[in-house]
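Here's coords-v2.txt, which has compact mmCIF, C-alpha atoms and all ligand atoms:
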# COMPACT_ATOMS: atom_id res chain seq x y z
CA MET A 1 -18.32 -10.61 9.58
CA GLN A 2 -18.50 -13.84 7.65
CA ILE A 3 -16.11 -15.22 5.03
CA LEU A 4 -17.36 -17.66 2.40
CA VAL A 5 -14.76 -20.31 1.66
CA THR A 6 -15.66 -22.36 -1.41
CA GLY A 7 -13.91 -25.71 -1.52
CA GLY A 8 -13.34 -25.31 2.21
CA THR A 9 -13.19 -29.04 2.93
CA GLY A 10 -10.41 -29.52 0.37
CA TYR A 11 -6.67 -29.52 0.93
CA ILE A 12 -5.78 -25.81 0.83
CA GLY A 13 -9.32 -24.74 1.72
CA SER A 14 -9.39 -26.61 5.03
CA HIS A 15 -6.05 -25.16 6.14
CA THR A 16 -7.30 -21.69 5.23
CA VAL A 17 -10.52 -22.14 7.22
CA VAL A 18 -8.37 -22.99 10.27
CA GLU A 19 -6.24 -19.86 9.85
CA LEU A 20 -9.30 -17.66 9.30
CA GLN A 21 -10.94 -19.00 12.44
CA ASN A 22 -7.68 -18.55 14.36
CA GLN A 23 -7.84 -14.88 13.38
CA GLY A 24 -11.41 -14.56 14.63
CA TYR A 25 -13.24 -14.76 11.29
CA ASP A 26 -16.60 -16.49 11.08
CA VAL A 27 -16.56 -18.96 8.17
CA VAL A 28 -19.17 -20.60 5.98
CA ILE A 29 -17.96 -23.36 3.67
CA VAL A 30 -19.57 -24.29 0.38
CA ASP A 31 -18.33 -27.57 -1.08
CA ASN A 32 -19.95 -30.27 -3.21
CA LEU A 33 -17.65 -32.90 -1.63
CA SER A 34 -16.64 -34.11 -5.10
CA ASN A 35 -13.03 -34.41 -3.94
CA SER A 36 -13.18 -34.12 -0.15
CA GLN A 37 -14.81 -35.64 2.91
CA ILE A 38 -17.37 -34.20 5.30
CA GLU A 39 -15.28 -35.48 8.27
CA VAL A 40 -12.86 -32.62 7.56
CA LEU A 41 -15.35 -30.42 9.43
CA ASP A 42 -14.83 -32.50 12.58
CA ASN A 43 -11.09 -32.09 12.31
CA ILE A 44 -11.30 -28.35 11.72
CA GLU A 45 -13.41 -28.21 14.87
CA LYS A 46 -10.83 -30.26 16.79
CA ILE A 47 -8.09 -27.81 15.84
CA THR A 48 -9.92 -24.51 16.37
CA GLY A 49 -12.78 -25.43 18.70
CA ILE A 50 -15.20 -23.96 16.16
CA ARG A 51 -17.32 -25.81 13.62
CA PRO A 52 -17.71 -23.76 10.47
CA ALA A 53 -21.13 -23.44 8.85
CA PHE A 54 -21.42 -25.76 5.85
CA GLU A 55 -23.55 -25.95 2.71
CA GLN A 56 -23.22 -28.75 0.19
CA PHE A 57 -23.95 -27.81 -3.41
CA ASP A 58 -22.32 -27.24 -6.75
CA LEU A 59 -21.38 -23.62 -7.42
CA SER A 60 -21.75 -24.16 -11.15
CA GLU A 61 -25.50 -24.30 -10.46
CA ARG A 62 -26.64 -20.73 -10.81
CA ASP A 63 -29.95 -21.01 -8.96
CA LYS A 64 -28.38 -22.72 -5.97
CA THR A 65 -25.61 -20.15 -5.81
CA ASP A 66 -28.16 -17.35 -5.90
CA ALA A 67 -30.23 -19.02 -3.17
CA PHE A 68 -27.09 -19.35 -1.05
CA PHE A 69 -26.40 -15.59 -1.22
CA LYS A 70 -30.03 -14.90 -0.29
CA LYS A 71 -29.73 -17.11 2.78
CA TYR A 72 -26.30 -15.91 3.94
CA ASN A 73 -26.69 -12.16 3.81
CA ASN A 74 -23.78 -11.20 6.06
CA ILE A 75 -20.84 -12.26 3.87
CA SER A 76 -17.99 -9.75 3.67
CA ALA A 77 -15.60 -11.63 1.41
CA ILE A 78 -15.12 -14.84 -0.53
CA ILE A 79 -12.13 -17.13 -0.90
CA HIS A 80 -12.75 -19.24 -3.97
CA PHE A 81 -10.93 -22.59 -4.00
CA ALA A 82 -13.62 -24.86 -5.39
CA ALA A 83 -12.37 -26.15 -8.74
CA PHE A 84 -11.22 -29.26 -10.57
CA LYS A 85 -7.44 -29.48 -10.39
CA ALA A 86 -6.02 -32.61 -12.02
CA VAL A 87 -3.84 -31.61 -14.96
CA GLY A 88 -3.95 -35.01 -16.72
CA GLU A 89 -7.68 -35.50 -16.24
CA SER A 90 -8.34 -32.02 -17.64
CA VAL A 91 -6.96 -33.14 -21.02
CA GLN A 92 -9.51 -35.98 -21.18
CA LYS A 93 -12.41 -33.99 -19.69
CA SER A 94 -11.74 -30.50 -20.96
CA LEU A 95 -15.39 -29.45 -21.23
CA GLU A 96 -16.12 -30.52 -17.65
CA TYR A 97 -13.11 -28.52 -16.50
CA TYR A 98 -14.11 -25.40 -18.38
CA ARG A 99 -17.74 -25.65 -17.28
CA ASN A 100 -16.97 -26.30 -13.64
CA ASN A 101 -14.10 -23.88 -13.14
CA LEU A 102 -15.35 -20.97 -15.25
CA VAL A 103 -19.07 -21.14 -14.50
CA SER A 104 -18.52 -21.37 -10.72
CA LEU A 105 -16.45 -18.22 -10.81
CA MET A 106 -19.01 -16.42 -12.98
CA ASN A 107 -21.87 -17.41 -10.67
CA LEU A 108 -19.95 -16.09 -7.68
CA LEU A 109 -19.08 -12.80 -9.40
CA GLU A 110 -22.72 -12.37 -10.33
CA GLY A 111 -23.74 -13.03 -6.72
CA MET A 112 -21.14 -10.56 -5.44
CA LYS A 113 -22.68 -7.81 -7.54
CA LYS A 114 -26.29 -8.66 -6.80
CA TYR A 115 -25.82 -9.15 -3.05
CA SER A 116 -23.12 -6.52 -2.41
CA VAL A 117 -20.25 -8.80 -1.47
CA PRO A 118 -17.26 -6.69 -2.52
CA HIS A 119 -14.18 -8.91 -2.08
CA MET A 120 -12.83 -12.14 -3.52
CA VAL A 121 -9.53 -13.98 -3.22
CA PHE A 122 -9.01 -16.48 -6.02
CA SER A 123 -6.86 -19.63 -6.21
CA SER A 124 -4.62 -19.18 -9.20
CA SER A 125 -1.43 -20.97 -10.08
CA CYS A 126 2.10 -20.40 -11.30
CA THR A 127 1.03 -22.62 -14.19
CA VAL A 128 -0.02 -19.36 -15.88
CA TYR A 129 3.71 -18.59 -16.40
CA GLY A 130 4.43 -21.84 -18.31
CA GLN A 131 8.20 -22.29 -18.64
CA PRO A 132 9.39 -18.73 -18.04
CA ASP A 133 12.33 -17.35 -20.04
CA VAL A 134 13.80 -15.67 -16.96
CA LEU A 135 13.89 -16.96 -13.38
CA PRO A 136 12.73 -16.31 -10.75
CA VAL A 137 9.31 -15.16 -11.91
CA THR A 138 7.97 -11.83 -10.72
CA GLU A 139 4.39 -10.65 -11.13
CA GLU A 140 5.66 -8.76 -14.21
CA THR A 141 6.74 -11.99 -15.92
CA PRO A 142 4.50 -12.46 -18.95
CA ARG A 143 1.99 -15.28 -18.85
CA LYS A 144 2.37 -18.03 -21.45
CA GLU A 145 -0.03 -20.23 -23.34
CA ALA A 146 -1.38 -22.86 -20.92
CA GLU A 147 -0.08 -26.43 -21.21
CA SER A 148 -3.41 -28.01 -20.21
CA PRO A 149 -7.13 -27.21 -20.05
CA TYR A 150 -6.72 -27.02 -16.25
CA GLY A 151 -3.99 -24.38 -16.61
CA ASN A 152 -6.09 -22.57 -19.15
CA THR A 153 -9.03 -22.37 -16.72
CA LYS A 154 -6.73 -20.52 -14.28
CA ALA A 155 -5.62 -18.05 -16.97
CA ILE A 156 -9.19 -17.50 -18.18
CA CYS A 157 -10.50 -17.05 -14.63
CA GLU A 158 -7.84 -14.39 -14.06
CA ASP A 159 -8.98 -12.64 -17.25
CA ILE A 160 -12.63 -12.85 -16.22
CA MET A 161 -11.83 -11.19 -12.87
CA ARG A 162 -9.65 -8.53 -14.50
CA ASP A 163 -12.35 -7.62 -17.01
CA TYR A 164 -15.17 -7.72 -14.48
CA CYS A 165 -13.24 -5.53 -12.04
CA LYS A 166 -12.54 -3.05 -14.83
CA SER A 167 -16.23 -2.33 -15.30
CA ASN A 168 -17.29 -2.79 -11.66
CA GLU A 169 -15.50 -0.48 -9.28
CA ASP A 170 -17.33 -1.97 -6.32
CA ILE A 171 -15.84 -5.44 -6.94
CA ASN A 172 -12.32 -6.26 -5.68
CA CYS A 173 -10.39 -9.39 -6.57
CA ILE A 174 -6.97 -10.73 -5.66
CA ALA A 175 -5.57 -13.73 -7.51
CA LEU A 176 -2.93 -15.68 -5.60
CA ARG A 177 -0.63 -17.58 -7.92
CA TYR A 178 0.44 -20.58 -5.89
CA PHE A 179 3.64 -22.41 -6.55
CA ASN A 180 3.70 -26.04 -5.26
CA PRO A 181 1.72 -26.42 -2.00
CA ILE A 182 2.89 -29.35 0.15
CA GLY A 183 2.78 -30.55 3.76
CA ALA A 184 -0.02 -30.68 6.29
CA HIS A 185 -1.22 -29.08 9.49
CA GLU A 186 1.15 -29.70 12.41
CA THR A 187 -1.62 -31.51 14.32
CA ALA A 188 -1.91 -34.04 11.44
CA LEU A 189 -5.68 -33.58 11.67
CA ILE A 190 -5.97 -32.14 8.17
CA GLY A 191 -3.84 -32.64 5.07
CA GLU A 192 -3.91 -33.72 1.45
CA LEU A 193 -6.00 -36.80 0.64
CA PRO A 194 -5.65 -37.62 -3.05
CA VAL A 195 -8.15 -40.06 -4.51
CA GLY A 196 -6.42 -43.01 -6.22
CA VAL A 197 -2.84 -42.86 -7.44
CA PRO A 198 -1.38 -39.45 -6.58
CA ASN A 199 -0.22 -37.26 -9.45
CA ASN A 200 1.74 -34.89 -7.26
CA LEU A 201 5.22 -35.57 -6.00
CA VAL A 202 4.89 -35.33 -2.22
CA PRO A 203 1.75 -37.48 -1.82
CA PHE A 204 3.44 -40.07 -4.04
CA ILE A 205 6.54 -39.95 -1.84
CA THR A 206 4.58 -40.29 1.42
CA GLN A 207 2.42 -43.13 0.05
CA THR A 208 5.54 -44.96 -1.15
CA ALA A 209 7.19 -44.53 2.24
CA ALA A 210 3.97 -45.84 3.84
CA GLY A 211 4.10 -48.96 1.67
CA LEU A 212 1.07 -48.18 -0.50
CA ARG A 213 3.20 -47.75 -3.61
CA GLU A 214 6.08 -49.92 -4.69
CA GLU A 215 8.46 -47.24 -5.90
CA LEU A 216 8.59 -43.56 -6.75
CA SER A 217 9.30 -42.71 -10.38
CA ILE A 218 11.39 -39.60 -10.83
CA PHE A 219 10.32 -38.09 -14.12
CA GLY A 220 13.51 -37.18 -15.95
CA ASP A 221 17.10 -36.50 -14.88
CA ASN A 222 18.34 -34.81 -18.03
CA TYR A 223 16.90 -31.34 -17.45
CA ASN A 224 19.14 -28.32 -17.50
CA THR A 225 19.34 -28.10 -13.69
CA GLU A 226 22.09 -28.80 -11.17
CA ASP A 227 21.31 -32.50 -10.72
CA GLY A 228 19.25 -32.92 -13.90
CA THR A 229 15.86 -33.29 -12.14
CA ALA A 230 13.12 -30.66 -12.41
CA VAL A 231 12.98 -27.72 -10.00
CA ARG A 232 9.93 -26.29 -8.21
CA ASP A 233 9.15 -23.85 -5.41
CA TYR A 234 7.49 -25.92 -2.66
CA ILE A 235 5.35 -23.85 -0.29
CA ASN A 236 4.04 -25.10 3.05
CA VAL A 237 0.24 -25.30 2.97
CA VAL A 238 -0.13 -23.49 6.31
CA ASP A 239 2.05 -20.62 5.07
CA LEU A 240 -0.08 -20.56 1.94
CA ALA A 241 -3.29 -20.55 4.01
CA LYS A 242 -1.99 -17.54 5.95
CA ALA A 243 -1.39 -15.68 2.67
CA HIS A 244 -5.15 -15.87 2.06
CA VAL A 245 -5.96 -14.36 5.44
CA VAL A 246 -3.53 -11.54 4.73
CA ALA A 247 -5.13 -10.97 1.31
CA ILE A 248 -8.57 -10.78 2.95
CA ASP A 249 -7.24 -8.27 5.51
CA ARG A 250 -5.76 -6.19 2.69
CA MET A 251 -9.16 -5.96 1.02
CA LEU A 252 -11.16 -5.32 4.17
CA LYS A 253 -8.75 -2.56 5.18
CA GLU A 254 -8.92 -1.11 1.67
CA LYS A 255 -5.19 -1.31 1.09
CA GLN A 256 -5.43 -2.50 -2.50
CA LYS A 257 -3.63 -0.51 -5.17
CA ALA A 258 -6.16 -1.53 -7.79
CA ASN A 259 -9.38 -3.47 -7.63
CA TYR A 260 -7.76 -6.40 -9.43
CA GLU A 261 -4.39 -7.56 -8.15
CA TYR A 262 -2.32 -10.74 -8.37
CA PHE A 263 0.59 -12.04 -6.31
CA ASN A 264 3.05 -14.90 -6.42
CA VAL A 265 2.81 -17.12 -3.38
CA GLY A 266 5.95 -19.19 -3.02
CA THR A 267 9.07 -19.35 -0.90
CA GLY A 268 11.48 -17.87 -3.43
CA GLU A 269 13.59 -21.03 -3.36
CA GLY A 270 13.78 -23.84 -5.88
CA TYR A 271 14.29 -27.50 -4.96
CA SER A 272 14.94 -30.28 -7.43
CA VAL A 273 12.95 -33.52 -7.29
CA MET A 274 16.10 -35.34 -6.18
CA GLN A 275 16.84 -32.79 -3.45
CA LEU A 276 13.30 -33.10 -2.17
CA VAL A 277 13.40 -36.90 -2.15
CA LYS A 278 16.73 -36.91 -0.29
CA ALA A 279 15.51 -34.31 2.21
CA PHE A 280 12.40 -36.40 2.86
CA ILE A 281 14.46 -39.53 3.55
CA GLU A 282 16.85 -37.67 5.83
CA VAL A 283 14.30 -35.67 7.82
CA ASN A 284 11.95 -38.58 8.40
CA LYS A 285 14.56 -41.34 8.63
CA VAL A 286 12.62 -43.62 6.30
CA ASP A 287 13.47 -45.82 3.34
CA LEU A 288 12.11 -44.78 -0.01
CA LYS A 289 12.54 -46.78 -3.18
CA TYR A 290 12.90 -44.64 -6.27
CA LYS A 291 14.09 -44.90 -9.83
CA VAL A 292 14.61 -42.41 -12.61
CA VAL A 293 12.30 -42.80 -15.61
CA GLY A 294 11.57 -40.66 -18.67
CA ARG A 295 10.18 -37.14 -18.50
CA ARG A 296 6.46 -36.66 -17.88
CA SER A 297 4.85 -34.95 -20.85
CA GLY A 298 3.78 -31.36 -20.24
CA ASP A 299 6.24 -30.87 -17.35
CA ILE A 300 8.29 -27.74 -17.25
CA GLU A 301 11.98 -27.78 -16.39
CA LYS A 302 12.22 -25.27 -13.59
CA ILE A 303 10.30 -22.52 -11.89
CA TRP A 304 10.49 -20.64 -8.65
CA ALA A 305 9.03 -17.36 -7.43
CA ASP A 306 10.43 -13.95 -6.83
CA THR A 307 8.36 -13.10 -3.77
CA THR A 308 9.64 -9.55 -3.26
CA TYR A 309 6.47 -7.80 -4.38
CA GLY A 310 4.09 -10.04 -2.42
CA ASN A 311 6.28 -9.88 0.70
CA LYS A 312 6.28 -6.09 0.58
CA GLU A 313 2.68 -5.47 -0.41
CA LEU A 314 1.01 -8.19 1.64
CA GLY A 315 3.45 -8.10 4.55
CA TRP A 316 3.52 -11.89 4.27
CA LYS A 317 6.43 -14.29 4.00
CA ALA A 318 6.69 -18.08 3.92
CA GLU A 319 8.12 -19.11 7.28
CA LYS A 320 8.33 -22.89 7.47
CA THR A 321 11.48 -24.73 6.48
CA ILE A 322 11.40 -27.53 3.94
CA GLU A 323 12.35 -29.92 6.76
CA GLU A 324 9.36 -28.94 8.91
CA THR A 325 7.12 -29.21 5.88
CA LEU A 326 8.33 -32.67 4.83
CA SER A 327 8.05 -33.85 8.40
CA SER A 328 4.43 -32.62 8.58
CA ALA A 329 3.64 -34.43 5.31
CA TRP A 330 4.96 -37.71 6.71
CA LYS A 331 3.23 -37.25 10.08
CA TRP A 332 -0.07 -36.78 8.21
CA GLU A 333 0.43 -39.83 5.98
CA LYS A 334 1.23 -42.00 9.02
CA LYS A 335 -1.88 -40.74 10.80
CA VAL A 336 -4.10 -41.46 7.79
CA ARG A 337 -2.68 -44.98 7.40
CA GLY A 338 -2.72 -45.73 11.10
CA LEU A 339 1.08 -46.25 11.22
N1 LIG A 401 7.29 -35.82 -10.12
C1 LIG A 401 8.01 -37.01 -10.14
N2 LIG A 401 7.37 -38.16 -9.80
C2 LIG A 401 6.06 -38.20 -9.44
C3 LIG A 401 5.33 -36.99 -9.39
C4 LIG A 401 5.96 -35.82 -9.75
O1 LIG A 401 9.19 -37.02 -10.47
O2 LIG A 401 5.54 -39.29 -9.15
C5 LIG A 401 7.96 -34.56 -10.48
C6 LIG A 401 7.29 -33.82 -11.62
O3 LIG A 401 7.78 -34.31 -12.85
C7 LIG A 401 7.69 -32.38 -11.34
C8 LIG A 401 7.75 -32.33 -9.81
O4 LIG A 401 7.87 -33.68 -9.38
O5 LIG A 401 8.97 -32.12 -11.84
C9 LIG A 401 6.50 -31.72 -9.18
O6 LIG A 401 5.38 -32.38 -9.72
P1 LIG A 401 3.90 -32.13 -9.18
O7 LIG A 401 2.98 -32.97 -10.02
O8 LIG A 401 3.87 -32.34 -7.71
O9 LIG A 401 3.65 -30.58 -9.43
P2 LIG A 401 3.68 -29.72 -10.80
O10 LIG A 401 4.76 -28.71 -10.60
O11 LIG A 401 3.97 -30.65 -11.94
O12 LIG A 401 2.34 -29.12 -10.87
Could you take the file, read its structure, and then write that structure out as structure tokens?
Amino acid sequence: MQILVTGGTGYIGSHTVVELQNQGYDVVIVDNLSNSQIEVLDNIEKITGIRPAFEQFDLSERDKTDAFFKKYNNISAIIHFAAFKAVGESVQKSLEYYRNNLVSLMNLLEGMKKYSVPHMVFSSSCTVYGQPDVLPVTEETPRKEAESPYGNTKAICEDIMRDYCKSNEDINCIALRYFNPIGAHETALIGELPVGVPNNLVPFITQTAAGLREELSIFGDNYNTEDGTAVRDYINVVDLAKAHVVAIDRMLKEKQKANYEYFNVGTGEGYSVMQLVKAFIEVNKVDLKYKVVGRRSGDIEKIWADTTYGNKELGWKAEKTIEETLSSAWKWEKKVRGL
């Protein structure tokens, strides 16, 4: 039984491949390496003792995707991570984002039908909720207009799956709406490797602590939150990876309540930027220069998940503490920088 993991050399993808292999699944990765390195395969192998099969091509190419399904005719399910994900860049390159993220999904759905691959787990995001009126957000919370083309690709991909599942009873999809994935594998063999200046908070913190960046800018301290800085639900990447394995099991064991489902994947707890920064300094006993600057445009004030439904239905719960997670992030950064 083979699982196709698209984007399997990327940040969340690589951690998920490890967890799938730990559970005895055979994995084939498709990745065009546009935002990841081939060496990740070596490190996956170091952790699990198994080297996953690998094919390098772009899933937005229909013919290549079709040829892939012809060659790999024993695939039971797909986990689809491969997508562009930089919010800011998506504003400048909206067409590239729509083409890449939507067409890849459509090519995969087409292949699923043609080659009888019934199951797909899809990387969605809590960005589909925008700034919710009521917190925490449940799966019933209405979606809001996306703030960026990137966010819009997630909403549209969800709609594509919903509509396709409606008219194809033999196709099953689960969208996992991630909150903020952070941290790295405990071995520090895989983790997040942003290209250039990181946009996300934790890579910026770890790079600043490692001396690559002068100072962390905290975007805004006049939000309506306890300490004025924005609040997010930070989920450990290994916990998140395990949620994908559980979603695959749910489909293979035919436990789905409908052939299109979606779940929040978070911890259920909100941390402010300032709380996270202070926790990082304390846990890792490092200095970190930071200053408060103006708000970042497009940022929401606060969001965290109600995980009740996902916990019950998937039988999955985030387990790692924020301390463990921030320690793993720092261990990874030190390893990468040779510190
Ligand atoms: N943030 C910050 N400084 C940075 C990067 C991020 O203060 O250098 C804040 C950002 O404004 C948000 C939170 O950290 O409130 C999480 O940002 P991130 O980009 O990691 O995730 P988002 O929730 O925006 O997708």
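Remark: for ligand LIG 401 (chain A), the closest of the candidate residues A:Ser327, A:Asn259, A:Gln131, A:Asn284 is A:Gln131 (distances computed over only C-alpha atoms and all ligand atoms).
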What does the distance from CA of Cys126 (chain A) to CA of Ile235 (chain A) come to in Å, to one decimal? 12.0 Å
Produce as a VMD selection string the set of residues near ligand LIG 401 (chain A), where near means within 10 Å with all atoms listed in the file considered. chain A and resid 85 to 88 125 to 127 151 179 to 182 197 to 205 208 215 to 221 223 229 to 234 271 to 274 276 to 277 290 to 303
Name the residues, using the chain letters and numbers of the file, that sit within 12 Å of (5.1, -24.5, 5.3) when counting all atoms listed in the file, and give them as a PDB file with C-alpha atoms, keeping the file's coordinate frame.
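Below you can see result03.pdb, which holds the result:
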ATOM      1  CA  ILE A  12      -5.780 -25.810   0.830  1.00  0.00           C
ATOM      2  CA  HIS A  15      -6.050 -25.160   6.140  1.00  0.00           C
ATOM      3  CA  ASN A 180       3.700 -26.040  -5.260  1.00  0.00           C
ATOM      4  CA  PRO A 181       1.720 -26.420  -2.000  1.00  0.00           C
ATOM      5  CA  ILE A 182       2.890 -29.350   0.150  1.00  0.00           C
ATOM      6  CA  GLY A 183       2.780 -30.550   3.760  1.00  0.00           C
ATOM      7  CA  ALA A 184      -0.020 -30.680   6.290  1.00  0.00           C
ATOM      8  CA  HIS A 185      -1.220 -29.080   9.490  1.00  0.00           C
ATOM      9  CA  GLU A 186       1.150 -29.700  12.410  1.00  0.00           C
ATOM     10  CA  ASP A 233       9.150 -23.850  -5.410  1.00  0.00           C
ATOM     11  CA  TYR A 234       7.490 -25.920  -2.660  1.00  0.00           C
ATOM     12  CA  ILE A 235       5.350 -23.850  -0.290  1.00  0.00           C
ATOM     13  CA  ASN A 236       4.040 -25.100   3.050  1.00  0.00           C
ATOM     14  CA  VAL A 237       0.240 -25.300   2.970  1.00  0.00           C
ATOM     15  CA  VAL A 238      -0.130 -23.490   6.310  1.00  0.00           C
ATOM     16  CA  ASP A 239       2.050 -20.620   5.070  1.00  0.00           C
ATOM     17  CA  LEU A 240      -0.080 -20.560   1.940  1.00  0.00           C
ATOM     18  CA  ALA A 241      -3.290 -20.550   4.010  1.00  0.00           C
ATOM     19  CA  LYS A 242      -1.990 -17.540   5.950  1.00  0.00           C
ATOM     20  CA  ALA A 243      -1.390 -15.680   2.670  1.00  0.00           C
ATOM     21  CA  VAL A 265       2.810 -17.120  -3.380  1.00  0.00           C
ATOM     22  CA  GLY A 266       5.950 -19.190  -3.020  1.00  0.00           C
ATOM     23  CA  THR A 267       9.070 -19.350  -0.900  1.00  0.00           C
ATOM     24  CA  LYS A 317       6.430 -14.290   4.000  1.00  0.00           C
ATOM     25  CA  ALA A 318       6.690 -18.080   3.920  1.00  0.00           C
ATOM     26  CA  GLU A 319       8.120 -19.110   7.280  1.00  0.00           C
ATOM     27  CA  LYS A 320       8.330 -22.890   7.470  1.00  0.00           C
ATOM     28  CA  THR A 321      11.480 -24.730   6.480  1.00  0.00           C
ATOM     29  CA  ILE A 322      11.400 -27.530   3.940  1.00  0.00           C
ATOM     30  CA  GLU A 323      12.350 -29.920   6.760  1.00  0.00           C
ATOM     31  CA  GLU A 324       9.360 -28.940   8.910  1.00  0.00           C
ATOM     32  CA  THR A 325       7.120 -29.210   5.880  1.00  0.00           C
ATOM     33  CA  LEU A 326       8.330 -32.670   4.830  1.00  0.00           C
ATOM     34  CA  SER A 327       8.050 -33.850   8.400  1.00  0.00           C
ATOM     35  CA  SER A 328       4.430 -32.620   8.580  1.00  0.00           C
ATOM     36  CA  ALA A 329       3.640 -34.430   5.310  1.00  0.00           C
TER      37      ALA A 329
END
Which residue, A:Ser34, A:Val283, A:Lys334, A:Ala247, has the smallest gap to Gly211 (chain A) when you use only C-alpha atoms?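 Among A:Ser34, A:Val283, A:Lys334, A:Ala247, it is A:Lys334 that comes nearest to Gly211 (chain A).
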Please tabulate, as CSV, the residues of region 51-147 of chain A that come within 7 Å of region 167-178 of chain A, each with its closest pair of atoms and the distance in Å to one decimal, counting all atoms listed in the file and ordering rows by chain, then residue number upward.
residue,atom,partner,partner_atom,distance
A:Pro118,CA,A:Ile171,CA,4.8
A:His119,CA,A:Asn172,CA,4.8
A:Met120,CA,A:Cys173,CA,4.8
A:Val121,CA,A:Ile174,CA,4.8
A:Phe122,CA,A:Ala175,CA,4.6
A:Ser123,CA,A:Leu176,CA,5.6
A:Ser124,CA,A:Arg177,CA,4.5
A:Ser125,CA,A:Arg177,CA,4.1
A:Cys126,CA,A:Arg177,CA,5.2
Have a look at A:Lys93, A:Val245, A:Tyr150, A:Ile78 and name the one nearest to Val117 (chain A); count all atoms listed in the file. A:Ile78
